[in-house]
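Structure below is entry00.txt: compact mmCIF, C-alpha atoms and all ligand atoms.
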```txt
# COMPACT_ATOMS: atom_id res chain seq x y z
CA LEU I 27 0.00 0.00 0.00
CA VAL I 28 1.46 3.36 -1.04
CA GLN I 29 1.72 6.02 1.60
CA ILE I 30 1.22 9.54 0.28
CA ILE I 31 2.90 11.76 2.85
CA GLY I 32 1.58 15.29 2.67
CA TYR I 33 2.81 18.14 4.81
CA GLN I 34 -0.06 17.45 7.26
CA SER I 35 1.86 14.42 8.57
CA ILE I 36 4.85 16.51 9.59
CA LEU I 37 3.53 20.00 10.30
CA PRO I 38 1.91 19.51 13.77
CA HIS I 39 5.21 18.26 15.18
CA ILE I 40 7.13 21.35 13.95
CA GLU I 41 4.33 23.73 14.89
CA HIS I 42 4.41 22.35 18.41
CA LYS I 43 8.15 23.02 18.67
CA ILE I 44 7.63 26.57 17.38
CA GLU I 45 4.79 27.20 19.86
CA CYS I 46 7.02 26.10 22.75
CA LEU I 47 9.85 28.36 21.56
CA VAL I 48 7.54 31.35 21.07
CA GLU I 49 6.10 30.84 24.59
CA SER I 50 9.52 30.59 26.21
CA LEU I 51 10.74 33.68 24.34
CA LYS I 52 7.66 35.57 25.54
CA LEU I 53 8.89 35.11 29.12
CA HIS I 54 11.89 37.23 28.09
CA ASN I 55 9.64 39.79 26.33
CA ILE I 56 11.00 38.70 22.97
CA THR I 57 8.96 38.26 19.82
CA PRO I 58 11.08 36.51 17.19
CA HIS I 59 11.35 38.73 14.14
CA LEU I 60 12.00 37.62 10.55
CA ARG I 61 13.03 40.24 8.03
CA VAL I 62 12.86 39.37 4.32
CA ILE I 63 14.55 41.40 1.61
CA GLN I 64 12.88 41.07 -1.78
CA VAL I 65 14.35 42.88 -4.77
CA GLY I 66 11.96 43.57 -7.66
CA ASP I 67 8.62 41.97 -8.47
CA PHE I 68 9.38 38.41 -9.61
CA ALA I 69 5.90 36.85 -9.29
CA PRO I 70 6.84 33.47 -7.70
CA SER I 71 8.91 35.34 -5.09
CA GLN I 72 5.82 37.34 -4.09
CA ILE I 73 4.00 34.05 -3.44
CA TYR I 74 6.84 32.47 -1.43
CA VAL I 75 7.36 35.62 0.63
CA LYS I 76 3.63 35.81 1.38
CA LYS I 77 3.67 32.19 2.59
CA LYS I 78 6.52 33.00 4.98
CA GLY I 79 4.69 36.09 6.25
CA ASP I 80 1.41 34.22 6.73
CA PHE I 81 3.11 31.43 8.68
CA CYS I 82 4.93 33.93 10.92
CA CYS I 83 1.60 35.60 11.61
CA LYS I 84 -0.06 32.25 12.40
CA MET I 85 2.69 31.28 14.86
CA GLY I 86 2.96 34.69 16.57
CA LEU I 87 6.26 35.89 15.09
CA LYS I 88 6.92 39.35 13.73
CA PHE I 89 7.47 39.52 9.98
CA THR I 90 8.71 42.47 7.95
CA LEU I 91 9.17 42.61 4.20
CA ASP I 92 11.70 45.07 2.80
CA HIS I 93 10.60 45.32 -0.80
CA LEU I 94 13.47 47.02 -2.67
CA PRO I 95 13.34 48.37 -6.24
CA THR I 96 14.78 46.21 -9.06
CA GLN I 97 17.32 48.94 -9.93
CA ILE I 98 18.84 49.10 -6.42
CA SER I 99 22.64 49.19 -6.53
CA GLN I 100 24.81 46.47 -5.04
CA GLU I 101 26.25 49.00 -2.58
CA LYS I 102 22.85 50.14 -1.32
CA MET I 103 21.83 46.54 -0.95
CA LEU I 104 24.89 45.80 1.21
CA THR I 105 24.20 48.86 3.36
CA HIS I 106 20.65 47.66 3.84
CA VAL I 107 21.82 44.21 4.96
CA ASP I 108 24.28 45.87 7.39
CA GLN I 109 21.43 47.83 8.96
CA LEU I 110 19.46 44.64 9.57
CA ASN I 111 22.56 42.90 10.93
CA ASN I 112 23.01 45.71 13.47
CA ASP I 113 19.41 45.71 14.68
CA ASN I 114 19.20 43.55 17.81
CA ALA I 115 15.43 43.21 17.52
CA ILE I 116 15.80 41.22 14.28
CA HIS I 117 16.56 37.50 14.65
CA GLY I 118 16.46 36.23 11.08
CA VAL I 119 17.39 37.82 7.74
CA ILE I 120 16.62 36.35 4.32
CA ILE I 121 17.41 37.64 0.87
CA GLN I 122 14.75 36.14 -1.40
CA LEU I 123 16.15 34.62 -4.60
CA PRO I 124 16.38 35.14 -7.53
CA LEU I 125 18.12 38.53 -7.55
CA PRO I 126 18.31 40.84 -10.59
CA PRO I 127 21.36 40.02 -12.77
CA HIS I 128 23.30 43.16 -11.76
CA ILE I 129 23.36 42.07 -8.09
CA ASP I 130 26.11 39.60 -7.16
CA PRO I 131 24.45 36.62 -5.37
CA ASP I 132 27.33 36.83 -2.90
CA VAL I 133 25.40 39.68 -1.17
CA LEU I 134 23.95 36.78 0.81
CA GLN I 135 27.38 36.41 2.40
CA ARG I 136 26.90 39.82 4.05
CA ILE I 137 24.13 38.42 6.29
CA ASP I 138 25.36 38.06 9.86
CA SER I 139 25.90 34.32 10.36
CA SER I 140 23.94 34.47 13.64
CA LYS I 141 20.84 35.67 11.69
CA ASP I 142 21.28 33.35 8.72
CA VAL I 143 18.01 31.37 9.01
CA ASP I 144 18.37 30.00 5.45
CA CYS I 145 21.88 28.62 6.15
CA ALA I 146 23.16 30.45 3.07
CA VAL I 147 26.30 31.90 4.66
CA TYR I 148 29.39 29.83 3.86
CA GLU I 149 30.46 29.67 7.51
CA ASN I 150 27.16 27.98 8.38
CA LEU I 151 27.30 25.64 5.39
CA ALA I 152 30.83 24.64 6.44
CA LYS I 153 29.65 23.92 9.98
CA LEU I 154 26.95 21.65 8.56
CA LEU I 155 29.51 19.88 6.40
CA ILE I 156 31.79 19.08 9.33
CA GLY I 157 28.85 17.75 11.34
CA LYS I 158 28.57 20.66 13.79
CA PRO I 159 25.66 22.64 12.33
CA PHE I 160 24.75 26.05 13.69
CA VAL I 161 21.49 26.15 11.73
CA ILE I 162 19.81 23.49 9.55
CA PRO I 163 18.92 24.69 6.02
CA PRO I 164 15.11 24.63 5.65
CA THR I 165 14.57 22.58 2.48
CA PRO I 166 17.09 19.85 3.41
CA HIS I 167 15.55 19.86 6.89
CA ALA I 168 12.10 19.30 5.33
CA CYS I 169 13.47 16.35 3.30
CA TYR I 170 15.04 14.88 6.44
CA GLU I 171 11.76 15.14 8.37
CA PHE I 172 9.87 13.27 5.64
CA ILE I 173 12.48 10.49 5.41
CA LYS I 174 12.56 10.12 9.19
CA TYR I 175 8.76 9.96 9.26
CA VAL I 176 8.87 6.79 7.14
CA GLU I 177 12.13 5.25 8.42
CA SER I 178 13.62 6.48 11.68
CA ASP I 179 16.93 4.61 11.35
CA LEU I 180 18.72 6.33 8.46
CA SER I 181 21.68 3.95 8.66
CA LYS I 182 19.46 1.37 6.91
CA LEU I 183 19.08 3.62 3.88
CA HIS I 184 20.89 4.30 0.63
CA VAL I 185 19.66 7.76 -0.34
CA VAL I 186 20.18 9.05 -3.88
CA ILE I 187 19.81 12.81 -4.30
CA VAL I 188 19.43 14.13 -7.84
CA GLY I 189 20.52 17.79 -8.00
CA ARG I 190 23.68 19.31 -6.50
CA SER I 191 22.70 22.93 -5.83
CA ASN I 192 24.12 24.81 -2.85
CA LEU I 193 20.55 25.41 -1.71
CA VAL I 194 19.26 21.82 -1.71
CA GLY I 195 21.42 18.92 -2.94
CA LYS I 196 24.77 19.64 -1.31
CA PRO I 197 23.50 20.65 2.16
CA LEU I 198 21.05 17.71 2.11
CA PHE I 199 23.97 15.39 1.35
CA ALA I 200 25.78 16.73 4.44
CA LEU I 201 22.70 16.56 6.67
CA LEU I 202 21.94 12.95 5.73
CA ILE I 203 25.47 11.62 6.12
CA ASN I 204 25.56 13.34 9.53
CA HIS I 205 22.51 11.18 10.35
CA ASN I 206 24.21 7.99 9.19
CA ALA I 207 22.53 7.49 5.82
CA THR I 208 24.64 6.30 2.89
CA VAL I 209 24.28 8.98 0.25
CA THR I 210 24.92 9.30 -3.48
CA LEU I 211 24.69 12.75 -5.07
CA ALA I 212 23.83 12.83 -8.78
CA HIS I 213 23.55 15.74 -11.23
CA SER I 214 23.17 16.56 -14.92
CA LYS I 215 26.59 15.12 -15.84
CA THR I 216 26.02 11.81 -14.01
CA LYS I 217 26.38 8.80 -16.31
CA ASN I 218 23.78 6.02 -16.09
CA LEU I 219 21.47 8.09 -13.89
CA LYS I 220 18.69 5.49 -14.02
CA GLU I 221 20.97 2.71 -12.77
CA ILE I 222 21.93 4.86 -9.82
CA THR I 223 18.43 6.04 -8.95
CA LYS I 224 17.20 2.43 -9.19
CA SER I 225 19.59 1.48 -6.40
CA ALA I 226 17.99 4.02 -4.04
CA ASP I 227 15.95 3.12 -0.96
CA VAL I 228 15.17 6.83 -0.85
CA LEU I 229 15.19 9.00 -3.96
CA VAL I 230 15.23 12.78 -3.46
CA VAL I 231 14.77 14.83 -6.62
CA ALA I 232 15.62 18.55 -6.79
CA ILE I 233 16.33 19.43 -10.41
CA GLY I 234 13.59 21.84 -11.53
CA LYS I 235 12.37 19.69 -14.47
CA ALA I 236 8.63 18.98 -14.56
CA ASN I 237 7.69 15.27 -14.28
CA PHE I 238 11.26 14.20 -15.19
CA ILE I 239 11.36 11.11 -12.97
CA THR I 240 9.20 8.25 -14.27
CA ASP I 241 8.73 4.71 -12.89
CA ASP I 242 11.76 3.36 -14.79
CA PHE I 243 14.00 5.47 -12.49
CA ILE I 244 12.65 3.81 -9.37
CA LYS I 245 13.22 0.66 -7.36
CA GLU I 246 10.03 -1.11 -6.28
CA GLY I 247 9.19 -0.01 -2.73
CA ALA I 248 11.41 3.09 -2.67
CA ILE I 249 10.62 6.25 -0.71
CA VAL I 250 10.39 9.22 -3.10
CA ILE I 251 10.84 12.83 -1.99
CA ASP I 252 9.97 15.43 -4.62
CA VAL I 253 11.49 18.87 -4.00
CA GLY I 254 10.76 20.32 -7.46
CA ILE I 255 8.34 23.16 -8.02
CA ASN I 256 7.50 23.65 -11.71
CA ARG I 257 4.70 25.65 -13.28
CA ILE I 258 3.30 24.00 -16.42
CA ILE I 259 0.35 24.63 -18.70
CA ASN I 260 -2.01 21.64 -18.68
CA ASP I 261 -4.24 20.31 -21.50
CA THR I 262 -7.02 22.77 -20.72
CA GLY I 263 -4.64 25.73 -21.01
CA HIS I 264 -4.52 26.38 -17.26
CA SER I 265 -1.26 26.65 -15.37
CA LYS I 266 -0.56 24.28 -12.52
CA ILE I 267 2.30 23.37 -10.20
CA VAL I 268 3.96 19.96 -10.55
CA GLY I 269 7.08 18.39 -9.10
CA ASP I 270 10.16 16.84 -10.71
CA VAL I 271 8.55 13.41 -10.27
CA ASP I 272 5.72 12.19 -12.51
CA PHE I 273 3.52 11.42 -9.52
CA ASP I 274 0.74 9.45 -11.28
CA ASN I 275 3.25 7.29 -13.13
CA VAL I 276 5.49 6.63 -10.13
CA ALA I 277 3.31 6.50 -7.01
CA GLN I 278 2.14 2.86 -7.32
CA LYS I 279 5.72 1.62 -7.39
CA THR I 280 6.75 3.41 -4.18
CA ARG I 281 6.48 2.65 -0.48
CA ALA I 282 5.90 6.34 0.25
CA ILE I 283 5.91 9.53 -1.82
CA THR I 284 5.53 13.26 -1.21
CA PRO I 285 3.04 15.20 -3.35
CA VAL I 286 3.62 18.53 -5.12
CA PRO I 287 2.10 20.84 -4.11
CA GLY I 288 1.51 20.05 -0.45
CA GLY I 289 4.69 18.16 0.41
CA ILE I 290 8.15 19.63 0.92
CA GLY I 291 7.12 23.29 0.32
CA PRO I 292 5.05 23.95 3.46
CA ILE I 293 7.52 22.07 5.66
CA THR I 294 10.37 24.17 4.25
CA VAL I 295 8.50 27.29 5.40
CA ALA I 296 7.84 25.77 8.83
CA SER I 297 11.53 24.78 9.21
CA LEU I 298 12.57 28.30 8.32
CA ILE I 299 10.27 29.82 10.95
CA GLN I 300 11.55 27.31 13.50
CA ASN I 301 15.07 28.54 12.71
CA VAL I 302 14.05 32.15 13.44
CA CYS I 303 12.84 31.06 16.89
CA LEU I 304 15.92 28.91 17.54
CA LEU I 305 18.28 31.78 16.69
CA ALA I 306 16.27 34.15 18.91
CA GLN I 307 16.51 31.58 21.72
CA LEU I 308 20.24 31.17 21.17
CA LYS I 309 20.75 34.92 21.66
CA ILE I 310 19.15 34.68 25.12
CA ASP I 311 21.16 31.59 26.01
CA HIS I 312 24.36 33.45 25.07
CA LYS I 313 23.33 36.45 27.17
CA LEU I 314 22.46 34.23 30.11
CA LYS I 315 25.77 32.42 29.76
CA LYS I 316 27.65 35.74 29.75
CA LYS I 317 25.74 36.87 32.86
CA PHE I 318 26.48 33.56 34.54
CA ASP I 319 30.17 33.74 33.54
CA SER I 320 30.43 37.21 35.09
CA ILE I 321 28.97 35.95 38.39
CA ILE I 322 31.31 32.99 38.86
P1 LIG F 401 19.24 24.50 -9.41
O1 LIG F 401 18.82 24.88 -10.78
O2 LIG F 401 20.12 25.40 -8.63
O3 LIG F 401 19.94 23.06 -9.48
C1 LIG F 401 19.41 22.03 -10.25
C2 LIG F 401 20.26 20.81 -10.10
O4 LIG F 401 19.65 19.77 -10.84
C3 LIG F 401 21.68 20.97 -10.66
O5 LIG F 401 22.59 20.37 -9.80
C4 LIG F 401 21.63 20.23 -12.00
O6 LIG F 401 22.85 19.61 -12.35
C5 LIG F 401 20.62 19.15 -11.71
N1 LIG F 401 19.94 18.71 -12.92
C6 LIG F 401 19.31 19.46 -13.83
N2 LIG F 401 18.83 18.68 -14.82
C7 LIG F 401 19.19 17.42 -14.53
C8 LIG F 401 19.01 16.17 -15.17
N3 LIG F 401 18.36 16.08 -16.34
N4 LIG F 401 19.51 15.07 -14.60
C9 LIG F 401 20.18 15.16 -13.43
N5 LIG F 401 20.39 16.31 -12.77
C10 LIG F 401 19.90 17.43 -13.32
O7 LIG F 401 17.88 24.20 -8.64
P2 LIG F 401 17.52 24.22 -7.05
O8 LIG F 401 18.29 23.18 -6.34
O9 LIG F 401 17.52 25.59 -6.55
O10 LIG F 401 15.99 23.77 -7.14
C11 LIG F 401 15.61 22.52 -7.71
C12 LIG F 401 14.10 22.43 -7.71
O11 LIG F 401 13.64 22.46 -6.39
C13 LIG F 401 13.39 23.59 -8.42
O12 LIG F 401 12.22 23.10 -9.02
C14 LIG F 401 13.04 24.53 -7.30
O13 LIG F 401 11.90 25.33 -7.60
C15 LIG F 401 12.71 23.55 -6.21
N6 LIG F 401 12.90 24.07 -4.85
C16 LIG F 401 11.90 23.83 -3.98
C17 LIG F 401 11.99 24.26 -2.69
C18 LIG F 401 10.89 23.96 -1.74
O14 LIG F 401 10.81 24.55 -0.70
N7 LIG F 401 10.02 23.00 -2.04
C19 LIG F 401 13.13 25.04 -2.21
C20 LIG F 401 14.19 25.17 -3.20
C21 LIG F 401 14.05 24.71 -4.47
P3 LIG F 401 24.18 20.47 -12.70
O15 LIG F 401 24.71 20.94 -11.39
O16 LIG F 401 25.07 19.47 -13.36
O17 LIG F 401 23.74 21.59 -13.59
```
Can you dump the structure from the file as structure tokens?
Amino acid sequence: LVQIIGYQSILPHIEHKIECLVESLKLHNITPHLRVIQVGDFAPSQIYVKKKGDFCCKMGLKFTLDHLPTQISQEKMLTHVDQLNNDNAIHGVIIQLPLPPHIDPDVLQRIDSSKDVDCAVYENLAKLLIGKPFVIPPTPHACYEFIKYVESDLSKLHVVIVGRSNLVGKPLFALLINHNATVTLAHSKTKNLKEITKSADVLVVAIGKANFITDDFIKEGAIVIDVGINRIINDTGHSKIVGDVDFDNVAQKTRAITPVPGGIGPITVASLIQNVCLLAQLKIDHKLKKKFDSII
């Protein structure tokens, strides 16, 4: 029997953690605050940013959007990030991607590593890689939660990830090996991709190609995690969102599969908001530690 694991299976558990964090922060008169920088009016970004704002609102966090004009200069952008870095009432800073072509994506590296809720800053990615993470990147975290939901002992699993981006594939590789899975990372230059994906107990796909993965890529009884978000025009001329996995073709062959929409996406948002709370909490813990250190 195929298990279709929607976000509803995972969300209550993360929401509960966030509620506890928000309550404990309240005792210190702190409302965790996420600040999102969006440059220009790229339509999908508007949707993603709104989802983050709505979830903050639902969970009792403060959310502010800094909507900057497309023509903003690199220098002004850096100054803006510096201002947010220096504001103690802000606990998480995100620069929504994609950026206009004249802005160097390395502006993300200007975000203070202690406010880097997306785990985009190299220092934080490096910490993840060596197995001492400061913050867990949201999309890989969402993938991990889904895998763990089906099989709690990751050492039993050979996971194949297709897609090696810095945002998804590479940090997910690090996260999963840190949790004892055996991981293969494939990409567009991988030879014999099907042979490799067919050896997977868990197949994670993050390539940005609509319905690319069909049943001939999959081992019978595999767990399939679909990260892709692709907008396509269907037969009736309407646009719809699909994943990188051809769900209808593949589902019957799997042990468990995540749908798109309604799978990884909402849990990515929840993981991000959890990070805002965790970093706010960490600030207090540091302060308390300093106070304690000065007493003894
Ligand atoms: P990128 O475009 O940065 O990376 C795509 C990766 O897929 C690359 O490593 C590329 O290989 C690989 N790839 C492309 N085509 C193939 C192919 N035919 N066979 C094997 N590998 C291939 O994308 P992202 O990682 O940023 O995003 C991937 C998808 O996930 C997108 O649909 C995106 O919208 C979605 N996404 C969803 C999120 C969520 O919250 N649900 C969050 C982030 C992304 P190479 O390196 O060789 O070019």
(Q) For ligand LIG 401 (chain F), return the neighbouring residues as an MDAnalysis selection string (distance at most 6 Å; all atoms listed in the file). (A) chainID I and resid 165 188:191 193:194 213:215 232:234 253:256 290:291 294
Q: Tell me which protein, DNA and RNA residues are within 10 Å of Leu123 in chain I, counting only C-alpha atoms, leaving out same-chain ones fewer than 4 positions away, and put them as a list in words.
A: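 In the requested form, the answer reads Ile63, Gln64, Val65, Phe68, Pro70, Ser71, Pro131 and Leu134 of chain I.
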**Q.** Given all atoms listed in the file as the counted atoms, nearest of I:Val143, I:Ala69, I:Leu87, I:Phe160 to Pro124 in chain I
**A.**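 For Pro124 in chain I, the nearest of the candidates is I:Ala69.
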Would you tabulate, counting only C-alpha atoms, all residues of range 91-161 of chain I that have an atom at most 12 Å from an atom of range 50-58 of chain I, showing the closest pair of atoms and their distance in Å to one decimal, sorted by chain then ascending number, as a tab-separated table?
```
residue	atom	partner	partner_atom	distance
I:Asn114	CA	I:Pro58	CA	10.8
I:Ala115	CA	I:Pro58	CA	8.0
I:Ile116	CA	I:Pro58	CA	7.3
I:His117	CA	I:Pro58	CA	6.1
I:Gly118	CA	I:Pro58	CA	8.1
I:Val119	CA	I:Pro58	CA	11.4
I:Lys141	CA	I:Pro58	CA	11.2
I:Val143	CA	I:Pro58	CA	11.9
```
Q: Rounded to one decimal place, report the CA of Asp144 in chain I-CA of Pro163 in chain I distance in Å.
A: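 Straight-line distance from CA of Asp144 in chain I to CA of Pro163 in chain I works out to 5.4 Å.
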Q. CA of Pro164 in chain I and CA of Ala248 in chain I, how far apart in Å?
A.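 For CA of Ala248 in chain I relative to CA of Pro164 in chain I, the distance reads 23.4 Å.
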Q.
Could you tell me how far CA of Tyr148 in chain I sits from CA of Val107 in chain I, in Å to one decimal place?
A. 16.3 Å
Q) Contacts of Lys88 in chain I at 9 Å or less, counting only C-alpha atoms, minus same-chain residues fewer than 2 places along, as a ChimeraX atom specification? A) /I:57-61,79,82-83,86,90
**Q.** Exercise: Asp272 in chain I partners within 6 Å, all atoms listed in the file, chain neighbours under 4 positions left out, as a PyMOL selection string
**A.** chain I and resi 237+239-240
**Q.** Surrounding residues of range 34-49 of chain I excluding itself and chain neighbours under 6 positions, 7 Å, only C-alpha atoms, as a ChimeraX atom specification
**A.** /I:85,293,296,300,303
Q. Within 8 Å of (3.9, 29.4, -12.5), only C-alpha atoms: residues as a ChimeraX atom specification?
A. /I:70,256-258,265-267
Q: Using only C-alpha atoms, determine which residues lie at most 7 Å from Ala200 in chain I, disregarding the query and same-chain residues fewer than 3 positions distant; provide the list as JSON, numbers by chain.
A: {"I": [154, 155, 196, 197, 203, 204]}
